[in-house]
Amino acid sequence: MRSLLLLCALTSVAAAKPVVTISPKTVHPGDPVLVTVTGVDEAPVAKAGGQPLAFFAARQGFQAVFAVPLNIDEDHVMLEVKGDDKPTSIPVLAKKFRETKLVVEDEYANPTADDGKLIDADNGAIGATYAKAAGEPLFHHAFRQPRGAITGYFGEWRTFQDGHRAQHLGLDLDETEGSAVAAVNDGTVVLVRETFLAGNVVVIAHGAGIASMYFHLQKATVAEGDHVRQGERVGLVGHTGRTTGPHLHVGIRVHGGLVDPQTFFKLPLSVPSNGVARAP
Ligand SMILES: [Zn+2]
């Protein structure tokens, strides 16, 4: 018995030991979290908040991104990586999101039952694209935030003229109507749709569970199934749907939910090791 225990101890010492790095170090509800695991030969088996993570092979080690739920009611997320001695507790700091008031056309502030059905169908179509973002990364560069001054933040509360409140799940960027909207990274166009609230929408799947979406376009200039490169035009800035004027709304979805694009664009995501590295 004693020799068996000793053998087990020796085996565990010899096995590769994962080194887990988290970015950012502290997070807020609605933030994306990048998990980097080095010191292992194979894709790690890991869970964050009880949900399995999907890793891709990065330049060094393996990486995965997950969302801290916007409505999380705990002050931390537990990250468990198989082979690691103990789980990592990621502190989640409370965040007071901005409060804003918005006056939009009545049909948007107070949609009819029929419009409600359209909205549900739109949400279903956008939600159905997320599964298509799974799998190997299609990108070969760091993600890039579209240009334009920020006019609306992720997570801010908007009270409409009829009193109803909604949380804003993307980043609004000031841009001239008709100017080109550039893909934030390489990927596949998985949705082009005229929606009720978000107007003309394009969704790009980037692999690794990451999708980017572009709302209120004057029009889309790509079709579903198109492969796009970073910086390539996917549409024109407009004010279709529920808007107060021309701007680009960009949304980022990672495994687990929509996240703050500003945090996402700063993540030190590595170029995948299987990618054909090209200068950005
Ligand atoms: Zn917006």
# chains A, B, ... in the order shown; residues from 1 in each chain; ligands from 1
>>> select_by_dssp(residues="segment 24-216 of chain A", states="alpha helix (DSSP H)", output="PyMOL selection string")
chain A and resi 106-109+113-129
>>> write_last_selection(atoms="C-alpha atoms", output="PDB file, in the first residue's frame")
ATOM      1  CA  ASP A 106     -43.132  55.276 -30.531  1.00  0.00           C
ATOM      2  CA  GLU A 107     -43.289  52.090 -32.578  1.00  0.00           C
ATOM      3  CA  TYR A 108     -39.849  51.179 -31.220  1.00  0.00           C
ATOM      4  CA  ALA A 109     -40.409  52.306 -27.642  1.00  0.00           C
ATOM      5  CA  ALA A 113     -47.707  42.290 -30.191  1.00  0.00           C
ATOM      6  CA  ASP A 114     -46.973  41.599 -33.864  1.00  0.00           C
ATOM      7  CA  ASP A 115     -43.738  43.528 -33.671  1.00  0.00           C
ATOM      8  CA  GLY A 116     -42.950  41.562 -30.511  1.00  0.00           C
ATOM      9  CA  LYS A 117     -43.140  38.392 -32.593  1.00  0.00           C
ATOM     10  CA  LEU A 118     -40.726  39.899 -35.119  1.00  0.00           C
ATOM     11  CA  ILE A 119     -38.360  40.811 -32.287  1.00  0.00           C
ATOM     12  CA  ASP A 120     -38.490  37.256 -30.936  1.00  0.00           C
ATOM     13  CA  ALA A 121     -37.785  35.831 -34.395  1.00  0.00           C
ATOM     14  CA  ASP A 122     -34.864  38.252 -34.841  1.00  0.00           C
ATOM     15  CA  ASN A 123     -33.405  37.301 -31.463  1.00  0.00           C
ATOM     16  CA  GLY A 124     -33.795  33.638 -32.392  1.00  0.00           C
ATOM     17  CA  ALA A 125     -31.969  34.142 -35.708  1.00  0.00           C
ATOM     18  CA  ILE A 126     -29.123  36.052 -34.061  1.00  0.00           C
ATOM     19  CA  GLY A 127     -28.923  33.509 -31.210  1.00  0.00           C
ATOM     20  CA  ALA A 128     -28.760  30.640 -33.713  1.00  0.00           C
ATOM     21  CA  THR A 129     -25.535  32.043 -35.155  1.00  0.00           C
TER      22      THR A 129
END
>>> residues_around(residues="segment 22-39 of chain A", least_positions_apart="2", cutoff="6 Å", atoms="only C-alpha atoms", output="list in words")
Lys17, Pro18, Val19, Val20, Gly61, Phe62, Gln63, Ala64, Val65, Phe66, Ala67, Val68, Pro69, Leu70, Pro91, Val92, Leu93, Val259, Asp260 and Phe264 of chain A
>>> select_by_dssp(residues="segment 71-268 of chain A", states="strand (DSSP E)", output="PyMOL selection string")
chain A and resi 76-81+88-91+99-102+150-152+157-160+165-167+171-173+180-182+187-194+200-207+210-217+219-220+227-228+233-236+248-254+257-259
>>> residues_near_ligand(ligand="ligand 1", cutoff="7 Å", atoms="only C-alpha atoms and all ligand atoms", output="PDB file with C-alpha atoms, in the first residue's frame")
ATOM      1  CA  GLY A 152     -23.009  54.345 -26.009  1.00  0.00           C
ATOM      2  CA  HIS A 168     -27.481  48.054 -23.887  1.00  0.00           C
ATOM      3  CA  GLY A 170     -22.988  46.488 -27.365  1.00  0.00           C
ATOM      4  CA  LEU A 171     -20.807  49.491 -28.055  1.00  0.00           C
ATOM      5  CA  ASP A 172     -22.104  52.483 -30.039  1.00  0.00           C
ATOM      6  CA  HIS A 249     -23.478  49.341 -32.878  1.00  0.00           C
TER       7      HIS A 249
END
>>> residues_around(residues="segment 207-220 of chain A", least_positions_apart="4", cutoff="8 Å", atoms="only C-alpha atoms", output="PyMOL selection string")
chain A and resi 54-56+64-65+130-139+177-178+184+187+192+198-203+234-243+246-255
>>> atom_distance(atom1="atom CA of Leu191 of chain A", atom2="atom CA of Glu224 of chain A")
5.5 Å
>>> atom_distance(atom1="atom CA of Leu197 of chain A", atom2="atom CA of Gln230 of chain A")
26.4 Å
>>> closest_residue(among="A:His140, A:His227, A:Ala94, A:Phe196", to="Ile72 of chain A", atoms="only C-alpha atoms")
A:Ala94
>>> atom_distance(atom1="atom CA of Ser270 of chain A", atom2="atom CA of Ala142 of chain A")
7.1 Å
